[in-house]
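Shown next: final.pdb, containing PDB, C-alpha atoms, pLDDT in the B column.
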```
MODEL        1
ATOM      1  CA  MET A 126     -34.941  -8.954  25.778  1.00 56.00           C
ATOM      2  CA  ALA A 127     -34.082 -11.062  22.750  1.00 59.00           C
ATOM      3  CA  ILE A 128     -35.428 -11.678  19.266  1.00 62.00           C
ATOM      4  CA  LEU A 129     -34.876 -15.166  17.852  1.00 59.00           C
ATOM      5  CA  ALA A 130     -34.991 -14.881  14.068  1.00 59.00           C
ATOM      6  CA  THR A 131     -32.504 -17.434  12.753  1.00 59.00           C
ATOM      7  CA  GLY A 132     -33.228 -19.580   9.706  1.00 59.00           C
ATOM      8  CA  CYS A 133     -34.923 -22.964   9.598  1.00 55.00           C
ATOM      9  CA  GLN A 134     -31.565 -24.807   9.331  1.00 55.00           C
ATOM     10  CA  SER A 135     -30.078 -23.229  12.470  1.00 54.00           C
ATOM     11  CA  GLU A 136     -29.260 -24.772  15.850  1.00 59.00           C
ATOM     12  CA  ALA A 137     -31.776 -22.415  17.428  1.00 59.00           C
ATOM     13  CA  ARG A 138     -34.515 -23.904  15.270  1.00 58.00           C
ATOM     14  CA  ASP A 139     -33.497 -27.406  16.377  1.00 61.00           C
ATOM     15  CA  LEU A 140     -33.655 -26.354  20.028  1.00 61.00           C
ATOM     16  CA  LEU A 141     -37.161 -24.984  19.530  1.00 60.00           C
ATOM     17  CA  ALA A 142     -38.255 -28.282  17.990  1.00 58.00           C
ATOM     18  CA  LYS A 143     -36.795 -30.286  20.885  1.00 57.00           C
ATOM     19  CA  ALA A 144     -38.614 -28.036  23.338  1.00 57.00           C
ATOM     20  CA  GLY A 145     -41.888 -28.650  21.519  1.00 57.00           C
ATOM     21  CA  LEU A 146     -42.138 -25.034  20.389  1.00 56.00           C
ATOM     22  CA  ALA A 147     -41.596 -25.795  16.706  1.00 56.00           C
ATOM     23  CA  THR A 148     -42.598 -28.691  14.504  1.00 54.00           C
ATOM     24  CA  GLY A 149     -40.196 -30.787  12.494  1.00 56.00           C
ATOM     25  CA  PRO A 150     -39.873 -30.113   8.757  1.00 55.00           C
ATOM     26  CA  GLN A 151     -43.079 -31.009   6.920  1.00 70.00           C
ATOM     27  CA  ALA A 152     -42.273 -29.162   3.700  1.00 79.00           C
ATOM     28  CA  TRP A 153     -39.152 -29.093   1.565  1.00 83.00           C
ATOM     29  CA  ARG A 154     -37.883 -26.931  -1.263  1.00 84.00           C
ATOM     30  CA  ALA A 155     -35.227 -27.391  -3.911  1.00 88.00           C
ATOM     31  CA  GLN A 156     -33.772 -24.974  -6.430  1.00 89.00           C
ATOM     32  CA  VAL A 157     -31.282 -25.019  -9.265  1.00 91.00           C
ATOM     33  CA  GLU A 158     -29.699 -22.185 -11.231  1.00 91.00           C
ATOM     34  CA  ILE A 159     -27.857 -22.464 -14.535  1.00 90.00           C
ATOM     35  CA  ALA A 160     -26.260 -20.221 -17.120  1.00 86.00           C
ATOM     36  CA  ALA A 161     -28.622 -19.728 -20.051  1.00 74.00           C
ATOM     37  CA  SER A 162     -27.069 -17.290 -22.470  1.00 62.00           C
ATOM     38  CA  LYS A 163     -29.448 -18.127 -25.311  1.00 58.00           C
ATOM     39  CA  ALA A 164     -33.081 -17.128 -25.152  1.00 52.00           C
ATOM     40  CA  VAL A 165     -35.526 -20.008 -24.863  1.00 55.00           C
ATOM     41  CA  ARG A 166     -39.114 -20.100 -25.999  1.00 55.00           C
ATOM     42  CA  GLY A 167     -41.510 -19.011 -23.267  1.00 53.00           C
ATOM     43  CA  ALA A 168     -38.813 -17.409 -21.098  1.00 53.00           C
ATOM     44  CA  PRO A 169     -39.794 -14.253 -19.175  1.00 48.00           C
ATOM     45  CA  ARG A 170     -39.365 -11.089 -21.184  1.00 54.00           C
ATOM     46  CA  SER A 171     -37.650  -9.251 -18.337  1.00 50.00           C
ATOM     47  CA  GLY A 172     -36.101  -9.841 -14.938  1.00 52.00           C
ATOM     48  CA  ASP A 173     -39.332  -8.720 -13.279  1.00 51.00           C
ATOM     49  CA  GLU A 174     -41.369 -11.682 -14.548  1.00 64.00           C
ATOM     50  CA  MET A 175     -41.563 -15.296 -13.512  1.00 70.00           C
ATOM     51  CA  PHE A 176     -43.767 -18.334 -14.100  1.00 75.00           C
ATOM     52  CA  VAL A 177     -45.474 -20.087 -11.190  1.00 70.00           C
ATOM     53  CA  LEU A 178     -47.088 -23.518 -11.344  1.00 70.00           C
ATOM     54  CA  LEU A 179     -49.377 -24.492  -8.468  1.00 62.00           C
ATOM     55  CA  GLY A 180     -49.556 -28.106  -7.355  1.00 59.00           C
ATOM     56  CA  PRO A 181     -52.669 -30.232  -7.857  1.00 47.00           C
ATOM     57  CA  GLU A 182     -53.577 -30.038  -4.165  1.00 44.00           C
ATOM     58  CA  HIS A 183     -53.630 -27.382  -1.437  1.00 42.00           C
ATOM     59  CA  HIS A 184     -49.853 -27.313  -1.229  1.00 53.00           C
ATOM     60  CA  GLY A 185     -46.878 -27.441  -3.543  1.00 68.00           C
ATOM     61  CA  PHE A 186     -45.597 -25.109  -6.221  1.00 76.00           C
ATOM     62  CA  GLY A 187     -43.059 -24.844  -8.985  1.00 83.00           C
ATOM     63  CA  ALA A 188     -41.512 -21.668 -10.364  1.00 82.00           C
ATOM     64  CA  TRP A 189     -38.978 -20.731 -12.987  1.00 83.00           C
ATOM     65  CA  TRP A 190     -37.556 -17.401 -14.031  1.00 80.00           C
ATOM     66  CA  ARG A 191     -34.739 -15.882 -16.033  1.00 79.00           C
ATOM     67  CA  ARG A 192     -32.578 -12.935 -15.016  1.00 77.00           C
ATOM     68  CA  GLY A 193     -29.811 -11.759 -17.276  1.00 75.00           C
ATOM     69  CA  GLN A 194     -27.716 -14.741 -18.367  1.00 78.00           C
ATOM     70  CA  LYS A 195     -29.094 -17.097 -15.711  1.00 84.00           C
ATOM     71  CA  MET A 196     -32.199 -19.237 -15.351  1.00 87.00           C
ATOM     72  CA  ALA A 197     -33.521 -20.628 -12.068  1.00 88.00           C
ATOM     73  CA  VAL A 198     -36.088 -23.324 -11.294  1.00 90.00           C
ATOM     74  CA  SER A 199     -37.543 -23.877  -7.827  1.00 88.00           C
ATOM     75  CA  VAL A 200     -40.081 -26.229  -6.235  1.00 88.00           C
ATOM     76  CA  GLY A 201     -41.707 -26.498  -2.828  1.00 83.00           C
ATOM     77  CA  VAL A 202     -43.605 -29.606  -1.733  1.00 82.00           C
ATOM     78  CA  GLN A 203     -44.924 -31.442   1.292  1.00 77.00           C
ATOM     79  CA  GLY A 204     -42.967 -34.571   2.184  1.00 77.00           C
ATOM     80  CA  GLY A 205     -39.274 -35.328   2.383  1.00 82.00           C
ATOM     81  CA  ALA A 206     -36.118 -34.161   0.657  1.00 85.00           C
ATOM     82  CA  GLY A 207     -36.381 -36.935  -1.927  1.00 88.00           C
ATOM     83  CA  HIS A 208     -39.867 -35.788  -2.857  1.00 87.00           C
ATOM     84  CA  ALA A 209     -38.635 -32.234  -3.431  1.00 87.00           C
ATOM     85  CA  LEU A 210     -35.680 -33.351  -5.548  1.00 91.00           C
ATOM     86  CA  GLY A 211     -37.925 -35.641  -7.569  1.00 91.00           C
ATOM     87  CA  ALA A 212     -40.337 -32.784  -8.224  1.00 89.00           C
ATOM     88  CA  LEU A 213     -37.459 -30.533  -9.304  1.00 92.00           C
ATOM     89  CA  ILE A 214     -36.105 -33.131 -11.729  1.00 93.00           C
ATOM     90  CA  GLN A 215     -39.582 -33.728 -13.146  1.00 91.00           C
ATOM     91  CA  LEU A 216     -40.280 -30.016 -13.641  1.00 90.00           C
ATOM     92  CA  ALA A 217     -36.880 -29.508 -15.272  1.00 92.00           C
ATOM     93  CA  GLY A 218     -37.593 -32.354 -17.684  1.00 92.00           C
ATOM     94  CA  GLU A 219     -40.981 -30.934 -18.621  1.00 89.00           C
ATOM     95  CA  LEU A 220     -39.526 -27.468 -19.230  1.00 89.00           C
ATOM     96  CA  ILE A 221     -36.862 -28.949 -21.497  1.00 90.00           C
ATOM     97  CA  ALA A 222     -39.434 -31.072 -23.352  1.00 90.00           C
ATOM     98  CA  VAL A 223     -41.529 -28.053 -24.342  1.00 86.00           C
ATOM     99  CA  GLY A 224     -38.483 -25.977 -25.246  1.00 85.00           C
ATOM    100  CA  TRP A 225     -38.670 -23.564 -22.323  1.00 84.00           C
ATOM    101  CA  ALA A 226     -35.270 -24.494 -20.860  1.00 87.00           C
ATOM    102  CA  PRO A 227     -31.875 -25.587 -22.231  1.00 88.00           C
ATOM    103  CA  PRO A 228     -30.902 -29.304 -22.018  1.00 91.00           C
ATOM    104  CA  GLN A 229     -28.207 -28.729 -19.371  1.00 92.00           C
ATOM    105  CA  LEU A 230     -30.934 -28.012 -16.831  1.00 92.00           C
ATOM    106  CA  ALA A 231     -31.571 -31.764 -16.495  1.00 93.00           C
ATOM    107  CA  GLU A 232     -28.085 -32.591 -15.186  1.00 94.00           C
ATOM    108  CA  ALA A 233     -28.049 -29.545 -12.929  1.00 94.00           C
ATOM    109  CA  ALA A 234     -31.358 -30.591 -11.355  1.00 94.00           C
ATOM    110  CA  LYS A 235     -29.962 -34.051 -10.549  1.00 94.00           C
ATOM    111  CA  LYS A 236     -27.122 -32.424  -8.576  1.00 93.00           C
ATOM    112  CA  ALA A 237     -29.378 -30.061  -6.609  1.00 93.00           C
ATOM    113  CA  HIS A 238     -29.906 -30.218  -2.848  1.00 90.00           C
ATOM    114  CA  ALA A 239     -33.146 -29.919  -0.897  1.00 88.00           C
ATOM    115  CA  ALA A 240     -33.696 -27.856   2.244  1.00 83.00           C
ATOM    116  CA  ALA A 241     -36.407 -28.010   4.874  1.00 80.00           C
ATOM    117  CA  SER A 242     -39.024 -25.279   4.620  1.00 81.00           C
ATOM    118  CA  PRO A 243     -41.084 -24.188   7.653  1.00 82.00           C
ATOM    119  CA  ALA A 244     -43.971 -23.296   5.341  1.00 81.00           C
ATOM    120  CA  GLY A 245     -47.023 -22.358   7.399  1.00 81.00           C
ATOM    121  CA  GLU A 246     -45.543 -23.786  10.610  1.00 84.00           C
ATOM    122  CA  ALA A 247     -46.226 -20.603  12.560  1.00 87.00           C
ATOM    123  CA  LEU A 248     -49.911 -21.535  12.497  1.00 86.00           C
ATOM    124  CA  ASP A 249     -49.245 -24.757  14.435  1.00 83.00           C
ATOM    125  CA  ALA A 250     -46.531 -23.479  16.781  1.00 83.00           C
ATOM    126  CA  HIS A 251     -47.342 -23.650  20.487  1.00 82.00           C
ATOM    127  CA  SER A 252     -46.086 -20.128  21.147  1.00 86.00           C
ATOM    128  CA  HIS A 253     -43.766 -17.467  19.762  1.00 88.00           C
ATOM    129  CA  VAL A 254     -43.323 -15.799  23.136  1.00 88.00           C
ATOM    130  CA  LEU A 255     -40.677 -17.125  25.520  1.00 85.00           C
ATOM    131  CA  LYS A 256     -39.198 -15.541  28.622  1.00 86.00           C
ATOM    132  CA  ARG A 257     -38.100 -12.081  27.457  1.00 86.00           C
ATOM    133  CA  THR A 258     -37.829 -13.517  23.935  1.00 87.00           C
ATOM    134  CA  LEU A 259     -39.879 -13.376  20.733  1.00 89.00           C
ATOM    135  CA  VAL A 260     -39.478 -15.936  17.939  1.00 88.00           C
ATOM    136  CA  ILE A 261     -39.956 -14.479  14.457  1.00 89.00           C
ATOM    137  CA  GLY A 262     -38.955 -15.079  10.830  1.00 87.00           C
ATOM    138  CA  GLU A 263     -38.207 -18.597   9.611  1.00 84.00           C
ATOM    139  CA  ALA A 264     -37.279 -19.610  13.160  1.00 83.00           C
ATOM    140  CA  GLY A 265     -40.922 -19.021  14.047  1.00 85.00           C
ATOM    141  CA  GLY A 266     -42.312 -20.638  10.902  1.00 86.00           C
ATOM    142  CA  PHE A 267     -43.369 -17.369   9.288  1.00 89.00           C
ATOM    143  CA  VAL A 268     -43.292 -18.732   5.739  1.00 86.00           C
ATOM    144  CA  ALA A 269     -46.271 -18.746   3.352  1.00 83.00           C
ATOM    145  CA  ALA A 270     -47.717 -22.253   2.992  1.00 79.00           C
ATOM    146  CA  SER A 271     -48.691 -21.853  -0.672  1.00 73.00           C
ATOM    147  CA  SER A 272     -45.537 -20.286  -2.103  1.00 73.00           C
ATOM    148  CA  HIS A 273     -42.881 -21.109   0.567  1.00 78.00           C
ATOM    149  CA  GLU A 274     -41.946 -17.414   0.427  1.00 79.00           C
ATOM    150  CA  GLY A 275     -40.408 -16.235   3.681  1.00 82.00           C
ATOM    151  CA  VAL A 276     -38.888 -12.770   3.250  1.00 85.00           C
ATOM    152  CA  TYR A 277     -42.139 -10.802   3.323  1.00 88.00           C
ATOM    153  CA  PRO A 278     -43.769 -12.586   6.313  1.00 89.00           C
ATOM    154  CA  ALA A 279     -40.424 -12.552   8.164  1.00 89.00           C
ATOM    155  CA  MET A 280     -40.169  -8.777   7.813  1.00 91.00           C
ATOM    156  CA  TRP A 281     -43.829  -8.456   8.751  1.00 92.00           C
ATOM    157  CA  SER A 282     -43.306 -10.471  11.942  1.00 92.00           C
ATOM    158  CA  ALA A 283     -40.196  -8.393  12.734  1.00 92.00           C
ATOM    159  CA  LYS A 284     -42.162  -5.157  12.421  1.00 93.00           C
ATOM    160  CA  LEU A 285     -44.846  -6.410  14.805  1.00 93.00           C
ATOM    161  CA  ALA A 286     -42.208  -7.694  17.222  1.00 93.00           C
ATOM    162  CA  ALA A 287     -40.474  -4.308  17.256  1.00 92.00           C
ATOM    163  CA  GLU A 288     -43.738  -2.562  18.100  1.00 93.00           C
ATOM    164  CA  VAL A 289     -44.440  -4.962  20.969  1.00 93.00           C
ATOM    165  CA  ILE A 290     -40.896  -4.706  22.351  1.00 93.00           C
ATOM    166  CA  LEU A 291     -41.007  -0.914  22.407  1.00 92.00           C
ATOM    167  CA  GLU A 292     -44.178  -1.090  24.485  1.00 92.00           C
ATOM    168  CA  ALA A 293     -42.665  -3.749  26.753  1.00 92.00           C
ATOM    169  CA  LEU A 294     -39.588  -1.631  27.464  1.00 91.00           C
ATOM    170  CA  ASP A 295     -41.797   1.164  28.752  1.00 90.00           C
ATOM    171  CA  SER A 296     -43.909  -1.151  30.894  1.00 89.00           C
ATOM    172  CA  SER A 297     -43.397  -2.497  34.403  1.00 90.00           C
ATOM    173  CA  GLU A 298     -45.006  -5.742  33.189  1.00 91.00           C
ATOM    174  CA  SER A 299     -42.786  -6.376  30.200  1.00 90.00           C
ATOM    175  CA  GLN A 300     -43.563 -10.089  29.857  1.00 91.00           C
ATOM    176  CA  ASP A 301     -47.296  -9.397  29.676  1.00 92.00           C
ATOM    177  CA  ARG A 302     -46.668  -6.854  26.940  1.00 91.00           C
ATOM    178  CA  LEU A 303     -44.549  -9.369  25.011  1.00 92.00           C
ATOM    179  CA  SER A 304     -47.381 -11.899  25.239  1.00 92.00           C
ATOM    180  CA  GLU A 305     -49.494  -9.575  23.109  1.00 93.00           C
ATOM    181  CA  PHE A 306     -47.325 -10.500  20.116  1.00 93.00           C
ATOM    182  CA  GLU A 307     -49.134 -13.830  19.754  1.00 93.00           C
ATOM    183  CA  ASN A 308     -52.566 -12.295  19.218  1.00 91.00           C
ATOM    184  CA  LEU A 309     -51.143  -9.456  17.152  1.00 92.00           C
ATOM    185  CA  TRP A 310     -49.515 -11.635  14.494  1.00 92.00           C
ATOM    186  CA  ARG A 311     -52.438 -14.077  14.334  1.00 91.00           C
ATOM    187  CA  MET A 312     -54.808 -11.202  13.603  1.00 90.00           C
ATOM    188  CA  SER A 313     -52.629  -9.801  10.831  1.00 89.00           C
ATOM    189  CA  ILE A 314     -50.254 -12.390   9.313  1.00 88.00           C
ATOM    190  CA  ALA A 315     -52.154 -15.668   9.699  1.00 87.00           C
ATOM    191  CA  GLY A 316     -54.212 -15.150   6.541  1.00 82.00           C
ATOM    192  CA  HIS A 317     -51.049 -14.720   4.489  1.00 81.00           C
ATOM    193  CA  LEU A 318     -49.503 -17.921   5.843  1.00 84.00           C
ATOM    194  CA  GLN A 319     -52.497 -20.198   5.342  1.00 79.00           C
ATOM    195  CA  PRO A 320     -52.676 -22.582   2.363  1.00 71.00           C
ATOM    196  CA  LEU A 321     -55.190 -22.013  -0.403  1.00 61.00           C
ATOM    197  CA  GLU A 322     -58.751 -22.675   0.726  1.00 56.00           C
ATOM    198  CA  SER A 323     -59.774 -24.270  -2.563  1.00 51.00           C
ATOM    199  CA  ASP A 324     -58.424 -27.202  -4.524  1.00 53.00           C
ATOM    200  CA  VAL A 325     -56.584 -25.406  -7.324  1.00 53.00           C
ATOM    201  CA  ARG A 326     -57.551 -28.098  -9.840  1.00 55.00           C
ATOM    202  CA  PHE A 327     -61.010 -26.519  -9.972  1.00 56.00           C
ATOM    203  CA  LEU A 328     -59.497 -23.052 -10.410  1.00 58.00           C
ATOM    204  CA  HIS A 329     -57.159 -23.908 -13.291  1.00 59.00           C
ATOM    205  CA  PRO A 330     -59.783 -23.524 -16.074  1.00 64.00           C
ATOM    206  CA  LEU A 331     -60.747 -20.068 -14.802  1.00 64.00           C
ATOM    207  CA  VAL A 332     -57.154 -18.956 -14.294  1.00 63.00           C
ATOM    208  CA  PHE A 333     -56.207 -19.816 -17.872  1.00 64.00           C
ATOM    209  CA  THR A 334     -59.302 -18.333 -19.503  1.00 73.00           C
ATOM    210  CA  ASN A 335     -60.163 -15.317 -17.361  1.00 74.00           C
ATOM    211  CA  ARG A 336     -57.567 -12.555 -17.026  1.00 77.00           C
ATOM    212  CA  ARG A 337     -59.381 -10.996 -14.057  1.00 77.00           C
ATOM    213  CA  ILE A 338     -59.422 -14.280 -12.109  1.00 69.00           C
ATOM    214  CA  ALA A 339     -55.742 -14.817 -12.948  1.00 73.00           C
ATOM    215  CA  ALA A 340     -54.854 -11.378 -11.568  1.00 75.00           C
ATOM    216  CA  ARG A 341     -56.840 -11.969  -8.373  1.00 71.00           C
ATOM    217  CA  MET A 342     -55.230 -15.351  -7.778  1.00 67.00           C
ATOM    218  CA  ALA A 343     -51.727 -13.946  -8.320  1.00 69.00           C
ATOM    219  CA  LEU A 344     -52.457 -11.126  -5.876  1.00 68.00           C
ATOM    220  CA  SER A 345     -53.628 -13.622  -3.265  1.00 63.00           C
ATOM    221  CA  ILE A 346     -50.597 -15.894  -3.631  1.00 59.00           C
ATOM    222  CA  PHE A 347     -47.893 -13.238  -3.578  1.00 60.00           C
ATOM    223  CA  THR A 348     -49.351 -10.734  -1.101  1.00 59.00           C
ATOM    224  CA  GLY A 349     -51.788 -12.735   1.003  1.00 53.00           C
ATOM    225  CA  ARG A 350     -54.523 -10.219   0.232  1.00 55.00           C
ATOM    226  CA  ARG A 351     -58.033 -11.314  -0.606  1.00 54.00           C
ATOM    227  CA  ALA A 352     -58.905  -9.581  -3.853  1.00 50.00           C
TER     228      ALA A 352
ENDMDL
END
```
This entry written out as structure tokens:
Amino acid sequence: MAILATGCQSEARDLLAKAGLATGPQAWRAQVEIAASKAVRGAPRSGDEMFVLLGPEHHGFGAWWRRGQKMAVSVGVQGGAGHALGALIQLAGELIAVGWAPPQLAEAAKKAHAAASPAGEALDAHSHVLKRTLVIGEAGGFVAASSHEGVYPAMWSAKLAAEVILEALDSSESQDRLSEFENLWRMSIAGHLQPLESDVRFLHPLVFTNRRIAARMALSIFTGRRA
């Protein structure tokens, strides 16, 4: 048996797309990191904090954080690589304009590169079960649609895959046992991968004025849990 868990830029991912088992890149992300030795107004107070900006529609995000002597800015959007790079440059400019980032961020953003993101693609994939093979992680599109975060759902899909494989190894009908992976992940991970159900433009006033709503929205975005 095999587990296919390579990243979205791998040859394995391309083969899945050609076989019709994975969609082409619909979302893209871009990130830049710079040295920022001097504190800037509005920067996180510690390495455990970050700022997240949700897009005006059901998809797209921007984030920036500071850890030690470095500052990073990241965006994830629907569309092509140029769209992602444009969004990164725009966000960098806005952060500089309000004094939240040093001026050198602008030039660094212009030199950044964009990468395809399989955000939410697991939901549209034909199947994650091949002959004696399970497709998990970014190869299977297990990336949250709202935040483009892939580590948590990738590990989640790996845990479920391991459970199914252990059962398959003890069964005389191993392929049938592997097929159970499809229903298993859709019952548990699908909610975490789905985009926000509401247009966040209507949520912005509540998020910025109600601490309880802000906490619930953050919990939903980063953990996939409905608070």
Report as a VMD selection string the full result of the PyMOL selection byres ((chain A and resi 244) around 7) when it is applied to this structure. chain A and resid 152 242 to 243 245 to 246 266 268 to 270 273
Store the residues of this selection in a file with C-alpha atoms, as a compact mmCIF listing (two decimals), in the coordinates of the input.
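Result file follows (part13.txt):
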```txt
# COMPACT_ATOMS: atom_id res chain seq x y z
CA ALA A 152 -42.27 -29.16 3.70
CA SER A 242 -39.02 -25.28 4.62
CA PRO A 243 -41.08 -24.19 7.65
CA GLY A 245 -47.02 -22.36 7.40
CA GLU A 246 -45.54 -23.79 10.61
CA GLY A 266 -42.31 -20.64 10.90
CA VAL A 268 -43.29 -18.73 5.74
CA ALA A 269 -46.27 -18.75 3.35
CA ALA A 270 -47.72 -22.25 2.99
CA HIS A 273 -42.88 -21.11 0.57
```
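This file, filtered with the PyMOL selection byres ((chain A and resi 241) around 10), gives the residues Cys133, Gln134, Gly149, Pro150, Gln151, Ala152, Trp153, Arg154, Ala155, Gly201, Val202, Gln203, Gly204, Gly205, Ala206, Ala209, Ala239, Ala240, Ser242, Pro243 and Ala244 of chain A.
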For those residues, write C-alpha atoms to a file as a PDB file, keeping the file's coordinate frame.
```pdb
ATOM      1  CA  CYS A 133     -34.923 -22.964   9.598  1.00 55.00           C
ATOM      2  CA  GLN A 134     -31.565 -24.807   9.331  1.00 55.00           C
ATOM      3  CA  GLY A 149     -40.196 -30.787  12.494  1.00 56.00           C
ATOM      4  CA  PRO A 150     -39.873 -30.113   8.757  1.00 55.00           C
ATOM      5  CA  GLN A 151     -43.079 -31.009   6.920  1.00 70.00           C
ATOM      6  CA  ALA A 152     -42.273 -29.162   3.700  1.00 79.00           C
ATOM      7  CA  TRP A 153     -39.152 -29.093   1.565  1.00 83.00           C
ATOM      8  CA  ARG A 154     -37.883 -26.931  -1.263  1.00 84.00           C
ATOM      9  CA  ALA A 155     -35.227 -27.391  -3.911  1.00 88.00           C
ATOM     10  CA  GLY A 201     -41.707 -26.498  -2.828  1.00 83.00           C
ATOM     11  CA  VAL A 202     -43.605 -29.606  -1.733  1.00 82.00           C
ATOM     12  CA  GLN A 203     -44.924 -31.442   1.292  1.00 77.00           C
ATOM     13  CA  GLY A 204     -42.967 -34.571   2.184  1.00 77.00           C
ATOM     14  CA  GLY A 205     -39.274 -35.328   2.383  1.00 82.00           C
ATOM     15  CA  ALA A 206     -36.118 -34.161   0.657  1.00 85.00           C
ATOM     16  CA  ALA A 209     -38.635 -32.234  -3.431  1.00 87.00           C
ATOM     17  CA  ALA A 239     -33.146 -29.919  -0.897  1.00 88.00           C
ATOM     18  CA  ALA A 240     -33.696 -27.856   2.244  1.00 83.00           C
ATOM     19  CA  SER A 242     -39.024 -25.279   4.620  1.00 81.00           C
ATOM     20  CA  PRO A 243     -41.084 -24.188   7.653  1.00 82.00           C
ATOM     21  CA  ALA A 244     -43.971 -23.296   5.341  1.00 81.00           C
TER      22      ALA A 244
END
```
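When the PyMOL selection byres ((chain A and resi 258) around 12) is evaluated on the file shown here, the picked residues come out as A:Met126, A:Ala127, A:Ile128, A:Leu129, A:Ala130, A:Ser252, A:His253, A:Val254, A:Leu255, A:Lys256, A:Arg257, A:Leu259, A:Val260, A:Ile261, A:Gly265, A:Ala286, A:Ala287, A:Val289, A:Ile290, A:Ala293, A:Ser299, A:Gln300, A:Asp301, A:Arg302, A:Leu303, A:Ser304, A:Phe306.
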Find the distance between CA of Gly211 in chain A and CA of Ala250 in chain A and write it in Å to one decimal. 28.5 Å
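The closest residue to Val276 in chain A, picked from A:Thr334, A:Arg311, A:Gly262, A:Ala234 and counting all atoms listed in the file, is A:Gly262.
The shortest atom-to-atom distance to Val177 in chain A, with all atoms listed in the file taken into account, belongs to A:Val198 out of A:Ala237, A:Val198, A:Leu291, A:Ala231.
From CA of Leu318 in chain A back to CA of Ser271 in chain A, the distance works out to 7.7 Å.
Using only C-alpha atoms, the nearest neighbour of Ser272 in chain A within the list A:Glu158, A:Pro320, A:Gly224, A:Leu216 is A:Pro320.
Distance check against Ser282 in chain A using only C-alpha atoms: of A:Gln215, A:Gln156, A:Asn308, A:Gln194, the minimum falls on A:Asn308.
Here CA of Ala161 in chain A is placed at a distance of 5.1 Å from CA of Lys195 in chain A.
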Surrounding residues of Gly218 in chain A excluding itself and chain neighbours under 6 positions, 9 Å, only C-alpha atoms, as JSON, numbers by chain: {"A": [226, 228, 230, 231]}
Those residues with C-alpha atoms, as a PDB file, in the coordinates of the input please?
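selection_19.pdb was written with the following content:
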```pdb
ATOM      1  CA  ALA A 226     -35.270 -24.494 -20.860  1.00 87.00           C
ATOM      2  CA  PRO A 228     -30.902 -29.304 -22.018  1.00 91.00           C
ATOM      3  CA  LEU A 230     -30.934 -28.012 -16.831  1.00 92.00           C
ATOM      4  CA  ALA A 231     -31.571 -31.764 -16.495  1.00 93.00           C
TER       5      ALA A 231
END
```
